[in-house]
$ cat work_37.txt   # compact mmCIF, C-alpha atoms
# COMPACT_ATOMS: atom_id res chain seq x y z
CA MET U 1 -124.87 118.41 50.03
CA ARG U 2 -125.21 114.70 50.49
CA ARG U 3 -128.68 113.52 49.54
CA SER U 4 -127.75 110.19 48.03
CA MET U 5 -124.91 107.79 48.84
CA LEU U 6 -124.36 104.90 46.44
CA PHE U 7 -122.67 101.67 47.53
CA ILE U 8 -120.06 100.39 45.06
CA PRO U 9 -118.48 96.96 45.65
CA GLY U 10 -114.78 97.52 46.27
CA ASN U 11 -113.45 94.77 44.00
CA THR U 12 -115.51 95.52 40.88
CA PRO U 13 -113.59 97.73 38.44
CA ASN U 14 -116.50 98.15 36.05
CA LEU U 15 -118.63 99.82 38.73
CA LEU U 16 -115.80 101.69 40.43
CA ILE U 17 -114.63 103.44 37.26
CA ASN U 18 -118.18 104.49 36.37
CA GLY U 19 -119.20 105.60 39.88
CA GLY U 20 -118.82 109.29 39.08
CA PHE U 21 -121.36 109.07 36.26
CA LEU U 22 -124.22 107.58 38.27
CA GLY U 23 -125.63 110.79 39.76
CA ALA U 24 -125.00 110.15 43.44
CA ASP U 25 -123.75 112.92 45.70
CA ALA U 26 -121.45 110.47 47.46
CA LEU U 27 -119.96 107.08 46.60
CA ILE U 28 -119.42 104.44 49.26
CA PHE U 29 -116.52 102.21 48.19
CA ASP U 30 -117.29 99.04 50.06
CA LEU U 31 -114.44 96.93 51.45
CA GLU U 32 -116.72 95.09 53.88
CA ASP U 33 -119.73 92.95 52.97
CA ALA U 34 -119.32 93.27 49.20
CA VAL U 35 -115.82 91.75 49.27
CA SER U 36 -115.04 88.11 50.09
CA PRO U 37 -112.33 87.49 52.72
CA ASP U 38 -109.79 86.22 50.19
CA GLU U 39 -110.16 89.36 48.06
CA LYS U 40 -109.87 91.98 50.84
CA ASP U 41 -106.23 92.70 49.95
CA ALA U 42 -106.92 93.16 46.23
CA ALA U 43 -110.02 95.29 46.89
CA ARG U 44 -108.23 97.79 49.10
CA ILE U 45 -105.42 98.14 46.52
CA LEU U 46 -108.00 98.62 43.76
CA VAL U 47 -109.97 101.24 45.69
CA ARG U 48 -106.76 103.08 46.54
CA ASN U 49 -105.80 103.22 42.85
CA ILE U 50 -109.28 104.30 41.77
CA MET U 51 -109.24 107.12 44.32
CA LYS U 52 -105.75 108.17 43.26
CA PHE U 53 -106.20 108.18 39.49
CA MET U 54 -109.92 108.46 38.62
CA ASP U 55 -111.87 111.68 38.25
CA LEU U 56 -114.97 111.02 40.35
CA ARG U 57 -116.69 114.14 38.99
CA GLY U 58 -117.09 115.85 42.32
CA CYS U 59 -118.64 112.91 44.16
CA GLU U 60 -117.70 112.71 47.80
CA THR U 61 -115.77 109.58 48.70
CA ILE U 62 -116.76 107.38 51.60
CA VAL U 63 -114.90 104.14 52.21
CA ARG U 64 -116.63 101.45 54.21
CA ILE U 65 -113.79 99.64 55.94
CA ASN U 66 -114.13 96.36 57.80
CA SER U 67 -115.33 96.45 61.40
CA ILE U 68 -112.87 96.79 64.26
CA ASP U 69 -113.51 93.23 65.43
CA THR U 70 -111.83 91.90 62.23
CA ASP U 71 -108.20 91.55 61.20
CA TYR U 72 -108.77 93.79 58.16
CA TRP U 73 -109.67 97.27 59.35
CA LYS U 74 -106.18 98.59 60.15
CA ALA U 75 -104.85 97.43 56.77
CA ASP U 76 -107.87 99.10 55.12
CA LEU U 77 -107.01 102.41 56.79
CA GLU U 78 -103.28 102.07 55.97
CA GLN U 79 -104.07 101.74 52.26
CA ILE U 80 -106.92 104.21 52.02
CA LEU U 81 -105.97 107.15 54.28
CA PRO U 82 -103.14 108.43 52.01
CA GLN U 83 -105.82 109.14 49.37
CA LYS U 84 -107.63 111.44 51.81
CA PRO U 85 -111.14 110.03 51.66
CA ARG U 86 -113.68 112.53 52.94
CA TRP U 87 -115.27 109.85 55.12
CA ILE U 88 -114.55 106.50 56.66
CA MET U 89 -117.67 104.47 57.33
CA LEU U 90 -117.25 102.26 60.38
CA PRO U 91 -119.57 99.24 60.25
CA LYS U 92 -121.12 97.55 63.27
CA THR U 93 -120.44 100.47 65.57
CA GLY U 94 -121.94 99.41 68.88
CA CYS U 95 -120.71 101.99 71.37
CA ALA U 96 -118.63 105.14 71.84
CA ALA U 97 -115.52 103.04 72.54
CA ASP U 98 -115.69 101.62 68.99
CA VAL U 99 -115.62 105.18 67.64
CA LEU U 100 -112.68 106.10 69.85
CA THR U 101 -110.72 103.03 68.74
CA ALA U 102 -111.13 103.94 65.06
CA ASP U 103 -110.56 107.61 65.81
CA ALA U 104 -107.22 106.89 67.50
CA GLU U 105 -105.97 104.84 64.54
CA ILE U 106 -107.07 107.47 62.02
CA SER U 107 -105.42 110.21 64.12
CA ARG U 108 -102.18 108.20 64.19
CA LEU U 109 -102.23 107.84 60.40
CA GLU U 110 -103.19 111.48 59.80
CA GLN U 111 -100.20 112.57 61.88
CA ARG U 112 -97.85 110.15 60.08
CA LEU U 113 -99.08 111.35 56.69
CA GLY U 114 -98.79 115.03 57.63
CA MET U 115 -102.53 115.61 57.29
CA GLU U 116 -104.47 118.19 59.29
CA PRO U 117 -106.16 116.57 62.31
CA ASN U 118 -109.74 115.47 61.59
CA THR U 119 -109.31 115.77 57.81
CA VAL U 120 -111.03 112.41 57.51
CA ARG U 121 -114.50 112.28 59.03
CA LEU U 122 -116.10 109.25 60.61
CA MET U 123 -119.55 107.96 59.75
CA PRO U 124 -120.46 105.17 62.17
CA LEU U 125 -122.78 102.60 60.66
CA ILE U 126 -125.27 101.60 63.32
CA GLU U 127 -126.71 98.19 62.58
CA THR U 128 -127.16 96.39 65.88
CA ALA U 129 -129.63 96.75 68.73
CA LEU U 130 -126.74 97.84 70.97
CA GLY U 131 -125.71 100.48 68.46
CA VAL U 132 -129.22 101.91 68.22
CA GLU U 133 -129.50 102.12 72.00
CA ASN U 134 -126.10 103.89 72.08
CA ALA U 135 -126.79 106.15 69.09
CA PHE U 136 -126.30 109.47 70.89
CA ALA U 137 -123.14 108.30 72.65
CA ILE U 138 -121.78 107.17 69.26
CA ALA U 139 -122.78 110.37 67.47
CA SER U 140 -121.16 112.54 70.14
CA ALA U 141 -118.12 110.35 70.91
CA SER U 142 -115.64 112.36 68.86
CA LYS U 143 -115.41 115.57 66.86
CA ARG U 144 -114.48 113.37 63.92
CA VAL U 145 -118.02 111.97 63.74
CA GLY U 146 -119.95 114.03 61.21
CA ALA U 147 -122.85 111.68 60.52
CA ILE U 148 -124.40 108.39 61.55
CA PHE U 149 -125.95 105.88 59.21
CA LEU U 150 -128.62 103.27 59.85
CA GLY U 151 -128.10 99.77 58.44
CA ALA U 152 -131.40 97.94 58.61
CA GLU U 153 -130.45 94.56 57.14
CA ASP U 154 -128.04 93.59 59.92
CA LEU U 155 -130.22 95.33 62.48
CA THR U 156 -133.29 93.24 61.68
CA ALA U 157 -131.16 90.09 61.82
CA ASP U 158 -130.01 91.20 65.27
CA LEU U 159 -133.62 91.95 66.26
CA ARG U 160 -134.62 88.47 65.02
CA CYS U 161 -137.36 89.88 62.82
CA LYS U 162 -138.08 90.07 59.10
CA ARG U 163 -137.13 93.08 57.03
CA THR U 164 -140.29 94.32 55.33
CA LYS U 165 -140.99 96.94 52.68
CA GLY U 166 -143.24 98.84 55.09
CA GLY U 167 -140.39 99.04 57.57
CA ALA U 168 -142.45 99.00 60.79
CA GLU U 169 -139.73 96.87 62.38
CA ILE U 170 -137.19 99.71 62.04
CA ASP U 171 -139.47 102.62 63.01
CA TYR U 172 -138.02 102.87 66.49
CA ALA U 173 -134.45 102.69 65.20
CA ARG U 174 -135.10 105.35 62.58
CA SER U 175 -136.63 107.78 65.05
CA ARG U 176 -133.98 107.13 67.66
CA MET U 177 -131.19 107.65 65.12
CA VAL U 178 -132.63 110.96 63.93
CA MET U 179 -133.11 112.18 67.51
CA ALA U 180 -129.57 111.15 68.48
CA ALA U 181 -127.99 112.72 65.41
CA ARG U 182 -129.84 116.00 65.75
CA ALA U 183 -129.05 116.18 69.46
CA ALA U 184 -125.37 115.62 68.65
CA GLU U 185 -125.60 118.06 65.71
CA VAL U 186 -124.47 115.58 63.07
CA ASP U 187 -126.11 114.36 59.86
CA VAL U 188 -128.09 111.12 59.67
CA TYR U 189 -128.55 108.75 56.73
CA ASP U 190 -131.21 106.17 56.11
CA THR U 191 -130.72 102.54 55.16
CA PRO U 192 -130.97 101.46 51.48
CA PHE U 193 -134.25 100.26 50.02
CA THR U 194 -133.26 96.85 48.74
CA ASP U 195 -135.90 96.06 46.07
CA VAL U 196 -134.09 97.41 43.04
CA ASN U 197 -137.11 97.05 40.75
CA ASP U 198 -139.73 98.71 42.97
CA ASP U 199 -139.79 102.33 41.77
CA GLU U 200 -142.86 103.30 43.84
CA GLY U 201 -141.44 101.59 46.91
CA ILE U 202 -138.17 103.54 46.86
CA ARG U 203 -140.02 106.83 46.51
CA ALA U 204 -142.36 106.09 49.41
CA ASP U 205 -139.47 104.86 51.56
CA ALA U 206 -137.33 107.93 50.81
CA GLU U 207 -140.23 110.31 51.44
CA TYR U 208 -140.91 108.62 54.77
CA ALA U 209 -137.25 108.88 55.78
CA LYS U 210 -137.21 112.55 54.86
CA SER U 211 -140.38 113.17 56.87
CA LEU U 212 -138.64 111.71 59.95
CA GLY U 213 -135.69 114.09 59.60
CA PHE U 214 -133.04 112.07 57.78
CA THR U 215 -130.46 114.12 55.86
CA GLY U 216 -130.33 111.64 52.98
CA LYS U 217 -130.45 108.01 52.05
CA ALA U 218 -128.08 105.32 50.85
CA SER U 219 -128.69 103.10 47.86
CA ILE U 220 -127.35 99.82 46.58
CA SER U 221 -128.60 100.53 43.05
CA PRO U 222 -127.91 103.41 40.65
CA ARG U 223 -131.59 103.12 39.69
CA HIS U 224 -132.60 104.61 43.05
CA VAL U 225 -130.23 107.56 43.03
CA GLY U 226 -132.40 109.90 40.96
CA VAL U 227 -135.47 109.39 43.14
CA ILE U 228 -133.47 109.86 46.35
CA ASN U 229 -131.92 113.09 45.03
CA GLU U 230 -135.36 114.35 44.03
CA VAL U 231 -136.98 113.52 47.37
CA PHE U 232 -134.18 115.04 49.46
CA SER U 233 -133.93 118.22 47.38
CA PRO U 234 -135.97 121.25 48.33
CA SER U 235 -138.95 121.77 46.02
CA ARG U 236 -139.31 124.90 43.89
CA LYS U 237 -142.06 126.04 46.26
CA ASP U 238 -139.74 125.53 49.27
CA ILE U 239 -137.01 127.58 47.59
CA GLU U 240 -139.38 130.41 46.64
CA TYR U 241 -140.73 130.53 50.18
CA ALA U 242 -137.20 130.56 51.63
CA TYR U 243 -136.27 133.61 49.54
CA GLU U 244 -139.54 135.30 50.58
CA VAL U 245 -138.67 134.68 54.24
CA MET U 246 -135.18 136.16 53.86
CA ASP U 247 -136.59 139.12 51.94
CA ALA U 248 -139.17 139.75 54.67
CA ILE U 249 -136.41 139.61 57.31
CA ARG U 250 -134.30 142.12 55.36
CA GLN U 251 -137.21 144.53 54.92
CA ALA U 252 -138.15 144.29 58.60
CA HIS U 253 -134.58 145.08 59.64
CA GLU U 254 -134.47 148.07 57.28
CA GLN U 255 -137.71 149.38 58.73
CA GLY U 256 -136.63 148.69 62.31
CA ARG U 257 -139.48 146.27 62.95
CA GLY U 258 -139.02 143.45 65.45
CA ALA U 259 -141.97 141.19 64.74
CA ILE U 260 -142.15 139.87 61.20
CA ALA U 261 -145.09 138.24 59.45
CA LEU U 262 -145.33 136.61 56.02
CA HIS U 263 -148.64 135.54 54.48
CA GLY U 264 -150.26 136.10 57.89
CA LYS U 265 -147.84 133.85 59.78
CA MET U 266 -145.16 134.91 62.25
CA ILE U 267 -141.59 134.35 61.10
CA ASP U 268 -139.54 133.07 64.00
CA ALA U 269 -135.97 131.81 64.37
CA PRO U 270 -136.58 128.15 63.35
CA ILE U 271 -138.32 129.29 60.14
CA VAL U 272 -135.40 131.55 59.32
CA ALA U 273 -132.92 128.75 60.05
CA ARG U 274 -134.84 126.39 57.75
CA ALA U 275 -134.99 129.06 55.03
CA ARG U 276 -131.23 129.53 55.24
CA GLN U 277 -130.69 125.74 54.94
CA THR U 278 -133.03 125.59 51.93
CA ILE U 279 -131.27 128.46 50.15
CA ALA U 280 -127.83 126.99 50.86
CA MET U 281 -128.92 123.67 49.38
CA ALA U 282 -130.62 125.31 46.39
CA GLU U 283 -127.47 127.28 45.65
CA GLU U 284 -125.37 124.12 45.93
CA MET U 285 -127.74 122.49 43.44
CA GLY U 286 -127.22 125.50 41.16
CA VAL U 287 -130.90 126.51 41.11
CA GLY U 288 -131.04 129.07 43.90
CA LYS U 289 -130.31 132.21 41.90
CA ALA U 290 -132.60 131.22 39.03
CA VAL U 291 -135.55 130.75 41.37
CA GLN U 292 -134.70 133.97 43.23
CA HIS U 293 -134.71 136.01 40.01
CA GLU U 294 -138.00 134.54 38.84
CA GLU U 295 -139.52 135.08 42.26
CA SER U 296 -138.47 138.76 42.34
CA MET V 297 -88.08 91.99 46.21
CA GLU V 298 -88.38 88.38 45.11
CA ILE V 299 -91.45 86.67 43.74
CA ILE V 300 -91.35 83.38 45.59
CA LYS V 301 -94.57 81.72 44.45
CA ARG V 302 -97.20 81.78 41.72
CA ALA V 303 -99.99 84.27 42.47
CA ILE V 304 -103.11 85.54 40.75
CA ALA V 305 -105.11 88.76 41.02
CA GLY V 306 -108.07 90.20 39.13
CA THR V 307 -110.80 88.59 37.04
CA LEU V 308 -111.80 88.05 33.44
CA GLU V 309 -114.75 90.43 33.77
CA SER V 310 -115.16 93.49 31.59
CA SER V 311 -112.95 96.45 32.59
CA ASP V 312 -110.76 94.18 34.71
CA ALA V 313 -107.43 92.45 34.13
CA TYR V 314 -106.41 88.94 35.14
CA VAL V 315 -102.80 88.90 36.27
CA GLU V 316 -100.70 85.84 36.97
CA ILE V 317 -97.18 86.20 38.31
CA GLU V 318 -94.55 83.57 39.06
CA PRO V 319 -90.84 83.37 39.82
CA ASN V 320 -88.40 83.80 36.93
CA ALA V 321 -84.67 83.11 37.03
CA GLN V 322 -83.53 86.18 35.13
CA GLY V 323 -85.33 89.41 34.34
CA ILE V 324 -88.95 90.30 33.57
CA ARG V 325 -90.89 88.25 31.04
CA CYS V 326 -94.28 89.77 30.19
CA GLU V 327 -97.01 88.02 28.20
CA LEU V 328 -100.05 90.05 27.28
CA GLU V 329 -103.42 89.12 25.83
CA SER V 330 -105.57 92.13 25.13
CA VAL V 331 -108.26 93.19 22.71
CA VAL V 332 -106.33 96.43 22.34
CA GLU V 333 -102.96 94.69 21.93
CA GLN V 334 -102.32 96.21 18.52
CA GLN V 335 -103.00 99.76 19.62
CA PHE V 336 -101.89 99.78 23.27
CA GLY V 337 -99.83 96.60 23.73
CA ASP V 338 -96.51 98.43 24.06
CA ASN V 339 -98.03 100.96 26.46
CA ILE V 340 -99.45 98.23 28.69
CA ARG V 341 -96.15 96.31 28.73
CA GLY V 342 -94.32 99.54 29.60
CA LEU V 343 -96.80 100.21 32.38
CA VAL V 344 -96.37 96.71 33.81
CA GLU V 345 -92.59 97.03 33.78
CA GLU V 346 -92.86 100.42 35.50
CA ILE V 347 -95.12 98.98 38.23
CA LEU V 348 -92.85 95.99 38.79
CA ALA V 349 -89.82 98.29 39.01
CA GLY V 350 -91.73 100.48 41.47
CA CYS V 351 -92.38 97.39 43.60
CA GLY V 352 -88.71 96.43 43.39
CA VAL V 353 -89.37 93.26 41.37
CA LYS V 354 -86.44 92.43 39.06
CA ASN V 355 -87.20 88.82 38.19
CA ALA V 356 -90.69 87.58 37.37
CA LYS V 357 -92.79 86.01 34.69
CA ILE V 358 -96.06 87.84 34.35
CA HIS V 359 -99.08 86.95 32.23
CA ILE V 360 -101.89 89.47 31.78
CA ILE V 361 -105.29 88.96 30.19
CA ASP V 362 -106.68 92.45 29.73
CA ARG V 363 -110.44 92.89 29.43
CA GLY V 364 -110.35 96.58 28.62
CA ALA V 365 -108.99 97.65 32.01
CA LEU V 366 -108.03 101.26 32.63
CA GLU V 367 -104.47 102.00 33.67
CA CYS V 368 -105.40 102.38 37.34
CA VAL V 369 -107.04 98.93 37.32
CA ILE V 370 -104.00 97.29 35.71
CA ARG V 371 -101.83 98.99 38.32
CA ALA V 372 -104.02 97.63 41.12
CA ARG V 373 -104.09 94.09 39.78
CA VAL V 374 -100.34 93.92 39.15
CA GLU V 375 -99.66 95.35 42.63
CA ALA V 376 -102.00 92.78 44.19
CA ALA V 377 -100.39 89.91 42.29
CA VAL V 378 -96.92 91.07 43.37
CA MET V 379 -98.01 91.37 46.98
CA ARG V 380 -99.45 87.87 46.92
CA GLY V 381 -96.47 86.46 45.03
CA LYS V 382 -93.95 87.73 47.51
CA GLY V 383 -95.80 85.80 50.18
CA GLU V 384 -97.72 88.53 52.06

$ encode --input "work_37.txt" --output "structure tokens"
Amino acid sequence: MRRSMLFIPGNTPNLLINGGFLGADALIFDLEDAVSPDEKDAARILVRNIMKFMDLRGCETIVRINSIDTDYWKADLEQILPQKPRWIMLPKTGCAADVLTADAEISRLEQRLGMEPNTVRLMPLIETALGVENAFAIASASKRVGAIFLGAEDLTADLRCKRTKGGAEIDYARSRMVMAARAAEVDVYDTPFTDVNDDEGIRADAEYAKSLGFTGKASISPRHVGVINEVFSPSRKDIEYAYEVMDAIRQAHEQGRGAIALHGKMIDAPIVARARQTIAMAEEMGVGKAVQHEES
Amino acid sequence: MEIIKRAIAGTLESSDAYVEIEPNAQGIRCELESVVEQQFGDNIRGLVEEILAGCGVKNAKIHIIDRGALECVIRARVEAAVMRGKGE
């Protein structure tokens, strides 16, 4: 379950050591934009030590390395891979070849470190017009890719337009990213909402992203994490309905019935698939069984 | 491994440590300023010596201003200072 992903600057001990207490499902340790060029070396050593010695309280670790057109990315991987991050986020991914370049280097390091192949997943960060147009090719370039992530700040700079709260300028990119990710059967994450003090704005933005099909959303502020988790969690009503669907399926099988209806509506394969996803998520959140018992 | 030049890593911000390392003719000389000096000073000095030994540094003067850094942060800052001081 990865509803929220919180960016943590890679050279800031105070935030890094507290990352596990901020409520996010995943932490993105940022070695790229949040770190000045003359501190890249210290940041990667710091992140490596944090990952090695800190209890991150079950948060998934994602490390945003520097892009493959810099001199930093291979050193980032050298330092970070031994700590077995769940994900490497690859910024400014523009095409499938970028994925394959990073994939080859990660494979080389995995082999050297005696790790199972594809232990470390890749999450390409798509933040250019070229990347958006190549989204499906990027998402399906390698088995290592498990998700793609939209970065709207760099994208709007590339598009030569203003980034607005309404987000009309990234509508096409959002839809295209979701379509590409779902076609490639990987997850897809929405760009952060950058106004830290706008509590209504973050909710509306997260709800919109969810309505388009995004798996979750990134944040640059711990203040947004709670809202993102809430929006991307199934509601109590969704969970109750999911259990009803699975119960109806079970009863129909027991009675040898083919066609199944619930509350006057036919239950078909996509509804069952969605119910299974909802129950899996509810159980991961630790609320599934409680709702099921109350419902029965 | 020889420390060949003066190098700095870390900051004076809360939870961080500011580490300055420079060449020393003979042995390790460690100076520590820390708000927890009385309680943890010996532990921190021991940790620094262990990290320097791990990096293969036998001769260095090291000055640390600790702002309540956890062990893993001190490790990272000393490692970074060593790496910069050896000229990489």

$ closest_residue --input "work_37.txt" --among "V:Leu328, V:Ala365, V:Ala356, V:Ala376" --to "Ile300 (chain V)" --atoms "only C-alpha atoms"
V:Ala356

$ residues_around --input "work_37.txt" --residues "Gln322 (chain V)" --least-positions-apart "4" --cutoff "10 Å" --atoms "only C-alpha atoms" --output "ChimeraX atom specification"
/V:354-357

$ interface_residues --input "work_37.txt" --of "chain V" --to "chain U" --cutoff "12 Å" --atoms "only C-alpha atoms" --output "PyMOL selection string"
chain V and resi 303-315+363-380+384

$ residues_near_point --input "work_37.txt" --point "(-119.4, 101.6, 68.6)" --cutoff "10 Å" --atoms "all atoms listed in the file" --output "list of chain:residue names"
U:Ser67, U:Ile68, U:Leu90, U:Pro91, U:Lys92, U:Thr93, U:Gly94, U:Cys95, U:Ala96, U:Ala97, U:Asp98, U:Val99, U:Leu100, U:Thr101, U:Ala102, U:Pro124, U:Leu125, U:Ile126, U:Thr128, U:Leu130, U:Gly131, U:Val132, U:Asn134, U:Ala135, U:Ala137, U:Ile138, U:Ala139, U:Ala141

$ atom_distance --input "work_37.txt" --atom1 "CA of Met285 (chain U)" --atom2 "CA of Ile88 (chain U)"
24.6 Å

$ atom_distance --input "work_37.txt" --atom1 "CA of Ser4 (chain U)" --atom2 "CA of Glu110 (chain U)"
27.3 Å

$ atom_distance --input "work_37.txt" --atom1 "CA of Ile299 (chain V)" --atom2 "CA of His359 (chain V)"
13.8 Å

$ closest_residue --input "work_37.txt" --among "V:Arg302, V:Ile361, V:Gly381, V:Val353" --to "Gly337 (chain V)" --atoms "only C-alpha atoms"
V:Ile361

$ residues_around --input "work_37.txt" --residues "region 150-153 of chain U" --least-positions-apart "4" --cutoff "8 Å" --atoms "all atoms listed in the file" --output "list in words"
Leu125, Ile126, Glu127, Ala157, Arg163, Ile170, Ala173, Arg174, Met177, Val188, Tyr189, Asp190, Thr191 and Pro192 of chain U

$ axis_aligned_box --input "work_37.txt" --around "region 182-186 of chain U" --padding-each-side "4 Å" --output "AutoDock Vina command-line options"
--center_x -127.2 --center_y 116.8 --center_z 66.3 --size_x 13.4 --size_y 10.5 --size_z 14.4

$ closest_atom_pairs --input "work_37.txt" --of "region 162-263 of chain U" --to "region 269-273 of chain U" --cutoff "8 Å" --atoms "all atoms listed in the file" --output "tab-separated table"
residue	atom	partner	partner_atom	distance
U:Ala242	CA	U:Val272	CA	8.0
U:Val245	CA	U:Val272	CA	6.8
U:Met246	CA	U:Val272	CA	7.1

$ residues_near_point --input "work_37.txt" --point "(-130.0, 112.0, 63.0)" --cutoff "9 Å" --atoms "all atoms listed in the file" --output "PDB file with C-alpha atoms, in the frame of the given file"
ATOM      1  CA  ALA U 139    -122.780 110.370  67.470  1.00  0.00           C
ATOM      2  CA  ALA U 147    -122.850 111.680  60.520  1.00  0.00           C
ATOM      3  CA  ILE U 148    -124.400 108.390  61.550  1.00  0.00           C
ATOM      4  CA  PHE U 149    -125.950 105.880  59.210  1.00  0.00           C
ATOM      5  CA  ARG U 174    -135.100 105.350  62.580  1.00  0.00           C
ATOM      6  CA  SER U 175    -136.630 107.780  65.050  1.00  0.00           C
ATOM      7  CA  ARG U 176    -133.980 107.130  67.660  1.00  0.00           C
ATOM      8  CA  MET U 177    -131.190 107.650  65.120  1.00  0.00           C
ATOM      9  CA  VAL U 178    -132.630 110.960  63.930  1.00  0.00           C
ATOM     10  CA  MET U 179    -133.110 112.180  67.510  1.00  0.00           C
ATOM     11  CA  ALA U 180    -129.570 111.150  68.480  1.00  0.00           C
ATOM     12  CA  ALA U 181    -127.990 112.720  65.410  1.00  0.00           C
ATOM     13  CA  ARG U 182    -129.840 116.000  65.750  1.00  0.00           C
ATOM     14  CA  ALA U 183    -129.050 116.180  69.460  1.00  0.00           C
ATOM     15  CA  ALA U 184    -125.370 115.620  68.650  1.00  0.00           C
ATOM     16  CA  GLU U 185    -125.600 118.060  65.710  1.00  0.00           C
ATOM     17  CA  VAL U 186    -124.470 115.580  63.070  1.00  0.00           C
ATOM     18  CA  ASP U 187    -126.110 114.360  59.860  1.00  0.00           C
ATOM     19  CA  VAL U 188    -128.090 111.120  59.670  1.00  0.00           C
ATOM     20  CA  TYR U 189    -128.550 108.750  56.730  1.00  0.00           C
ATOM     21  CA  GLY U 213    -135.690 114.090  59.600  1.00  0.00           C
ATOM     22  CA  PHE U 214    -133.040 112.070  57.780  1.00  0.00           C
ATOM     23  CA  THR U 215    -130.460 114.120  55.860  1.00  0.00           C
TER      24      THR U 215
END

$ residues_around --input "work_37.txt" --residues "region 19-26 of chain U" --least-positions-apart "2" --cutoff "7 Å" --atoms "all atoms listed in the file" --output "VMD selection string"
chain U and resid 2 to 6 15 to 17 28 56 to 57 59 to 62 222 225 to 226
